[in-house]
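The next block holds one structure in the form of structure tokens; read it before the comments.
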Amino acid sequence: MVANFEAGHPRAECDDFARSFVPTDQRQRNWHRAIVGVFVGVAHASCQGLDQDLAFLGIRDLDLFNAPVGTNLAKHRSSALHDDPFSQCVRISATDTENVPAKRNEQQSNRPRCPFGGLNGFVHRVPNRYRAGMAEDITVVKTSRQPEDLRRLLQAWIQETTGDQAATVGPVSSPDANGMSSESLFFDASWDGRAASLVARLAPSPDDVPAFMTYDLKRQYDLIELVGRRSSVPVPELLWLETDPTSLGVPFFIMHRVKGRVPSDLPPYSIDGWVRDLTPDARAQLVTNSLSVLAGVHSIDIADGSADFLEFDSSLGDTPLRRHFADQQLYYRWMCDGAGRSFPAIERAFAWIEANWPDEQPSAISWGDSRIGNIMYEPHGVAPVAVLDWEMAAIAPPALDVGWMCFMHRFFEYLLGLGGMDTLPDMLQPAQARETYGEMTGVDVGDLRFELAYSATRHAIIMSRLHARNVHFGTHEWPEEPDDAFLFKGLLAELTAD
């Protein structure tokens, strides 16, 4: 079975898809409660209809959603949630009607969607080790573009570019674990007697409410080439850049696919997956290796102006960090215009940033989205084999990247902690990151308090924009309090407290 779980996918089709994953015993229902409680509904009390979605799956008596925003749900959940997670899930076919719940009536099908996801995305939030028996060939497409259309257009483009009219492109899929901005497509291709597994990186369609103001694919391509040429930081091997949007509707570039494994966002690596399963020593080595990636990027000599294309306009400020902050403020105003509302918590965070401005360090290439979920590691180890996702790169102080890496781990820990889930709280602690990075580079990035607060503010803007995109596709609604849209206003308030 292949399910194209697209943004804006018709709800009836999501319901049909969900019937393949009916829980069969109490332990399975308990686990569904915990996962859905953390990743779909905990940030907001008014998840209209989510209880019906869960009842449709055979899950009832759900009390997680009575907790107000920011409440520790461990105090509100039923005692049954302390049971062990389920170890199997029975997949049924569309014709196995004996075990399929009755369809909901028309009124239920057309009721308002849950503001934090409802059934959309539900299945993909269940940890892999708890999905035994589920379909292995689920393709998640986070776009309005259709995979077969993309396959056909890619094949025509490769035929024209290579001059090989016999060139072929196989089925196109998208990764379902990470990434919410640019679109990545996986496919196999053959041309001129060669065959390779490739990845196409596409700018998002303007119709899909892009996460960021601009997507300069040439800028990303040139940066990957620069990093690969001037450092030992592993990056994918580039093949082609197409800046003309005629072929696919947007610019794109194509690179070789690297074999490896990436820490998952959904489910977060802190609760399930290969990072969770590592020994403490191996996880510590993963963190060290990840910080070494930052050290490698920051050590690239750019005194010759080779990275000037990463600089923000000089009119934005007198220093790289000032320009970086001004750019984030422009991004915030653009996001608010699209959302039709402002976000008081983010504006309070801006004021804190101004009041706590640091002494600036010398700047370097800043990766930008410097989290371990954007690093691919070797298939059976923790050595990085590819550094991915460069759209947020800039010229900025190195501490921004170190702070972002620590914050993104803390972000997941915070959300998971709302549900009282067992996580990895000792991983990527700022003090240890400061020490390790300092030993590698001789640069003291400080206590990272400013950088953590700045990272939280930046991420709040991004998450608010992503919420606006989900509202556009009809899978979410705006909460009464706009700050509830980015899920972690409590953490942002904590990091920007005086």
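Convention: chains lettered A, B, ... in structure tokens order; per-chain residue numbering from 1; ligands numbered from 1 as shown.
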When DSSP is applied to the backbone of this structure, which of region 250-467 of chain A are assigned strand (DSSP E)? Write them out as a PDB file with C-alpha atoms, in the first residue's frame.
```pdb
ATOM      1  CA  PHE A 252      15.964  22.860  -8.072  1.00  0.00           C
ATOM      2  CA  PHE A 253      19.271  21.078  -7.826  1.00  0.00           C
ATOM      3  CA  ILE A 254      20.153  17.400  -7.920  1.00  0.00           C
ATOM      4  CA  MET A 255      22.798  15.590  -5.892  1.00  0.00           C
ATOM      5  CA  HIS A 256      23.853  12.034  -5.193  1.00  0.00           C
ATOM      6  CA  ALA A 364      32.221  32.842  10.117  1.00  0.00           C
ATOM      7  CA  ILE A 365      30.016  30.756   7.849  1.00  0.00           C
ATOM      8  CA  SER A 366      27.005  29.892   9.975  1.00  0.00           C
ATOM      9  CA  ILE A 375      23.216  15.425   9.843  1.00  0.00           C
ATOM     10  CA  MET A 376      23.325  12.004   8.241  1.00  0.00           C
ATOM     11  CA  TYR A 377      25.470   9.511  10.124  1.00  0.00           C
ATOM     12  CA  PRO A 384      28.762  12.078  10.024  1.00  0.00           C
ATOM     13  CA  VAL A 385      28.573  11.221   6.324  1.00  0.00           C
ATOM     14  CA  ALA A 386      26.553  14.200   5.054  1.00  0.00           C
ATOM     15  CA  VAL A 387      25.523  17.620   6.330  1.00  0.00           C
ATOM     16  CA  ALA A 394      24.543  33.191   6.803  1.00  0.00           C
ATOM     17  CA  ILE A 395      27.619  34.988   8.076  1.00  0.00           C
ATOM     18  CA  ALA A 396      27.298  35.131  11.860  1.00  0.00           C
TER      19      ALA A 396
END
```
Give me the residues within 8 Å of region 347-356 of chain A as a list of chain:residue names, counting only C-alpha atoms and dropping any in the same chain fewer than 3 places off.
A:Phe343, A:Pro344, A:Phe450, A:Ala453, A:Tyr454, A:Thr457, A:Leu492, A:Ala493, A:Thr496
Check which residues of region 348-432 of chain A sit at most 10 Å from region 445-448 of chain A using only C-alpha atoms, and return one row each with the closest pair of atoms and their distance in Å to one decimal, ordered by chain and rising number, as JSON lines.
```
{"residue": "A:Pro358", "atom": "CA", "partner": "A:Gly446", "partner_atom": "CA", "distance": 9.9}
{"residue": "A:Gln361", "atom": "CA", "partner": "A:Val445", "partner_atom": "CA", "distance": 8.3}
{"residue": "A:Pro397", "atom": "CA", "partner": "A:Val445", "partner_atom": "CA", "distance": 8.9}
{"residue": "A:Pro398", "atom": "CA", "partner": "A:Val445", "partner_atom": "CA", "distance": 7.4}
{"residue": "A:Ala399", "atom": "CA", "partner": "A:Val445", "partner_atom": "CA", "distance": 5.1}
{"residue": "A:Leu400", "atom": "CA", "partner": "A:Leu448", "partner_atom": "CA", "distance": 8.4}
{"residue": "A:Val402", "atom": "CA", "partner": "A:Val445", "partner_atom": "CA", "distance": 7.9}
{"residue": "A:Gly403", "atom": "CA", "partner": "A:Leu448", "partner_atom": "CA", "distance": 5.9}
{"residue": "A:Trp404", "atom": "CA", "partner": "A:Leu448", "partner_atom": "CA", "distance": 9.5}
{"residue": "A:Cys406", "atom": "CA", "partner": "A:Leu448", "partner_atom": "CA", "distance": 9.0}
{"residue": "A:Phe407", "atom": "CA", "partner": "A:Leu448", "partner_atom": "CA", "distance": 9.7}
{"residue": "A:Pro430", "atom": "CA", "partner": "A:Leu448", "partner_atom": "CA", "distance": 6.6}
{"residue": "A:Ala431", "atom": "CA", "partner": "A:Asp447", "partner_atom": "CA", "distance": 6.6}
{"residue": "A:Gln432", "atom": "CA", "partner": "A:Asp447", "partner_atom": "CA", "distance": 10.0}
```
Could you turn the residues from that selection into a file that holds C-alpha atoms, as a CSV table (one decimal), in the first residue's frame?
```csv
chain,number,residue,atom,x,y,z
A,358,PRO,CA,26.2,40.2,23.7
A,361,GLN,CA,32.7,37.4,18.4
A,397,PRO,CA,29.1,34.4,15.1
A,398,PRO,CA,29.8,30.7,15.6
A,399,ALA,CA,28.0,30.6,18.9
A,400,LEU,CA,24.7,30.9,17.0
A,402,VAL,CA,26.2,25.9,18.8
A,403,GLY,CA,23.2,27.5,20.6
A,404,TRP,CA,20.8,26.3,17.9
A,406,CYS,CA,21.5,22.7,21.9
A,407,PHE,CA,18.2,24.5,21.7
A,430,PRO,CA,25.0,23.9,26.8
A,431,ALA,CA,27.9,23.7,29.3
A,432,GLN,CA,29.2,20.5,27.8
```
My list of candidates is A:Gly273, A:Pro263, A:Gly249, A:Gly442. Which is closest to Pro206 (chain A) when distances are computed with only C-alpha atoms?
A:Gly249
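For the atom pair formed by CA of Leu185 (chain A) and CA of Pro171 (chain A), the distance is 9.8 Å, given to one decimal.
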Would you please work out which residue, of A:Asp244, A:Asp265, A:Glu225, A:Glu439, is nearest to Phe412 (chain A) when using only C-alpha atoms?
A:Asp265
Choose the residue, out of A:Asp318, A:His380, A:Leu487, A:Asp188, that has the smallest atom-to-atom separation from Ala282 (chain A); count only C-alpha atoms.
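Smallest distance to Ala282 (chain A) is found for A:His380.
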May I have the residues within 9 Å of Phe212 (chain A) as a list in words, using only C-alpha atoms and disregarding those fewer than 3 positions away in the same chain?
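Here the qualifying residues turn out to be Ser181, Val209, Tyr215, Tyr331, Met335, Ile462 and Arg465 of chain A.
Proximity ranking of A:Gln220, A:Thr319, A:Ser173, A:Asn289 relative to Ser363 (chain A) places A:Thr319 first, based on only C-alpha atoms.
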Considering only C-alpha atoms, state which residue in the set A:Val443, A:Leu495, A:Val382, A:Ala167 is at the smallest distance from Ile346 (chain A).
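Of the candidates, the smallest distance to Ile346 (chain A) is held by A:Leu495.
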Pairwise distance for CA of Asp164 (chain A) and CA of Pro147 (chain A), rounded to one decimal in Å:
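Computed distance, CA of Asp164 (chain A) to CA of Pro147 (chain A), equals 22.4 Å.
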Write down as JSON, numbers by chain the residues of region 423-483 of chain A whose backbone DSSP state falls under helix (DSSP H, G or I).
{"A": [430, 431, 432, 433, 434, 435, 436, 437, 438, 439, 440, 441, 449, 450, 451, 452, 453, 454, 455, 456, 457, 458, 459, 460, 461, 462, 463, 464, 465, 466, 467, 468, 469, 470, 471, 472, 473, 482, 483]}
Can you tell me which residues surround Arg201 (chain A) at a distance of at most 12 Å, considering only C-alpha atoms, apart from same-chain residues fewer than 3 positions away, and format the answer as an mmCIF file with C-alpha atoms, in the first residue's frame?
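Contents of result_22.cif, freshly written:
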```cif
data_model
loop_
_atom_site.group_PDB
_atom_site.id
_atom_site.type_symbol
_atom_site.label_atom_id
_atom_site.label_comp_id
_atom_site.auth_asym_id
_atom_site.auth_seq_id
_atom_site.Cartn_x
_atom_site.Cartn_y
_atom_site.Cartn_z
ATOM 1 C CA LEU A 154 12.354 15.039 -13.836
ATOM 2 C CA SER A 174 9.829 12.130 -0.079
ATOM 3 C CA PRO A 175 11.373 11.585 3.362
ATOM 4 C CA GLY A 179 12.141 18.699 7.113
ATOM 5 C CA SER A 181 10.804 23.897 4.334
ATOM 6 C CA SER A 182 12.369 22.925 1.010
ATOM 7 C CA GLU A 183 11.144 19.740 -0.626
ATOM 8 C CA SER A 184 13.460 16.759 -1.128
ATOM 9 C CA LEU A 185 12.685 14.021 -3.644
ATOM 10 C CA PHE A 186 14.350 10.604 -3.678
ATOM 11 C CA PHE A 187 14.597 8.670 -6.931
ATOM 12 C CA LEU A 198 19.697 10.770 -6.425
ATOM 13 C CA PRO A 204 8.662 25.150 -2.378
ATOM 14 C CA TYR A 215 14.496 30.282 -1.379
ATOM 15 C CA ASP A 216 17.727 30.874 -3.245
ATOM 16 C CA LEU A 217 18.637 27.395 -4.494
ATOM 17 C CA LYS A 218 21.761 28.681 -6.263
ATOM 18 C CA GLN A 220 22.518 26.717 -1.286
ATOM 19 C CA TYR A 221 24.205 24.931 -4.182
ATOM 20 C CA PRO A 236 26.556 15.322 -0.802
ATOM 21 C CA LEU A 238 26.400 17.768 -6.453
ATOM 22 C CA LEU A 239 25.293 16.993 -9.997
ATOM 23 C CA TRP A 240 23.111 19.693 -11.548
ATOM 24 C CA LEU A 241 21.602 23.081 -10.730
ATOM 25 C CA GLU A 242 18.531 24.380 -12.538
ATOM 26 C CA THR A 243 17.604 27.977 -11.810
ATOM 27 C CA LEU A 248 9.333 21.757 -12.507
ATOM 28 C CA VAL A 250 10.433 26.008 -9.277
ATOM 29 C CA PRO A 251 14.256 26.045 -9.244
ATOM 30 C CA PHE A 252 15.964 22.860 -8.072
ATOM 31 C CA PHE A 253 19.271 21.078 -7.826
ATOM 32 C CA ILE A 254 20.153 17.400 -7.920
ATOM 33 C CA MET A 255 22.798 15.590 -5.892
ATOM 34 C CA HIS A 256 23.853 12.034 -5.193
ATOM 35 C CA ARG A 257 22.008 10.301 -2.382
ATOM 36 C CA LEU A 388 22.153 18.684 4.956
ATOM 37 C CA ASP A 389 19.747 21.640 4.733
ATOM 38 C CA TRP A 390 21.676 24.879 4.185
ATOM 39 C CA GLU A 391 18.809 27.297 3.493
#
```
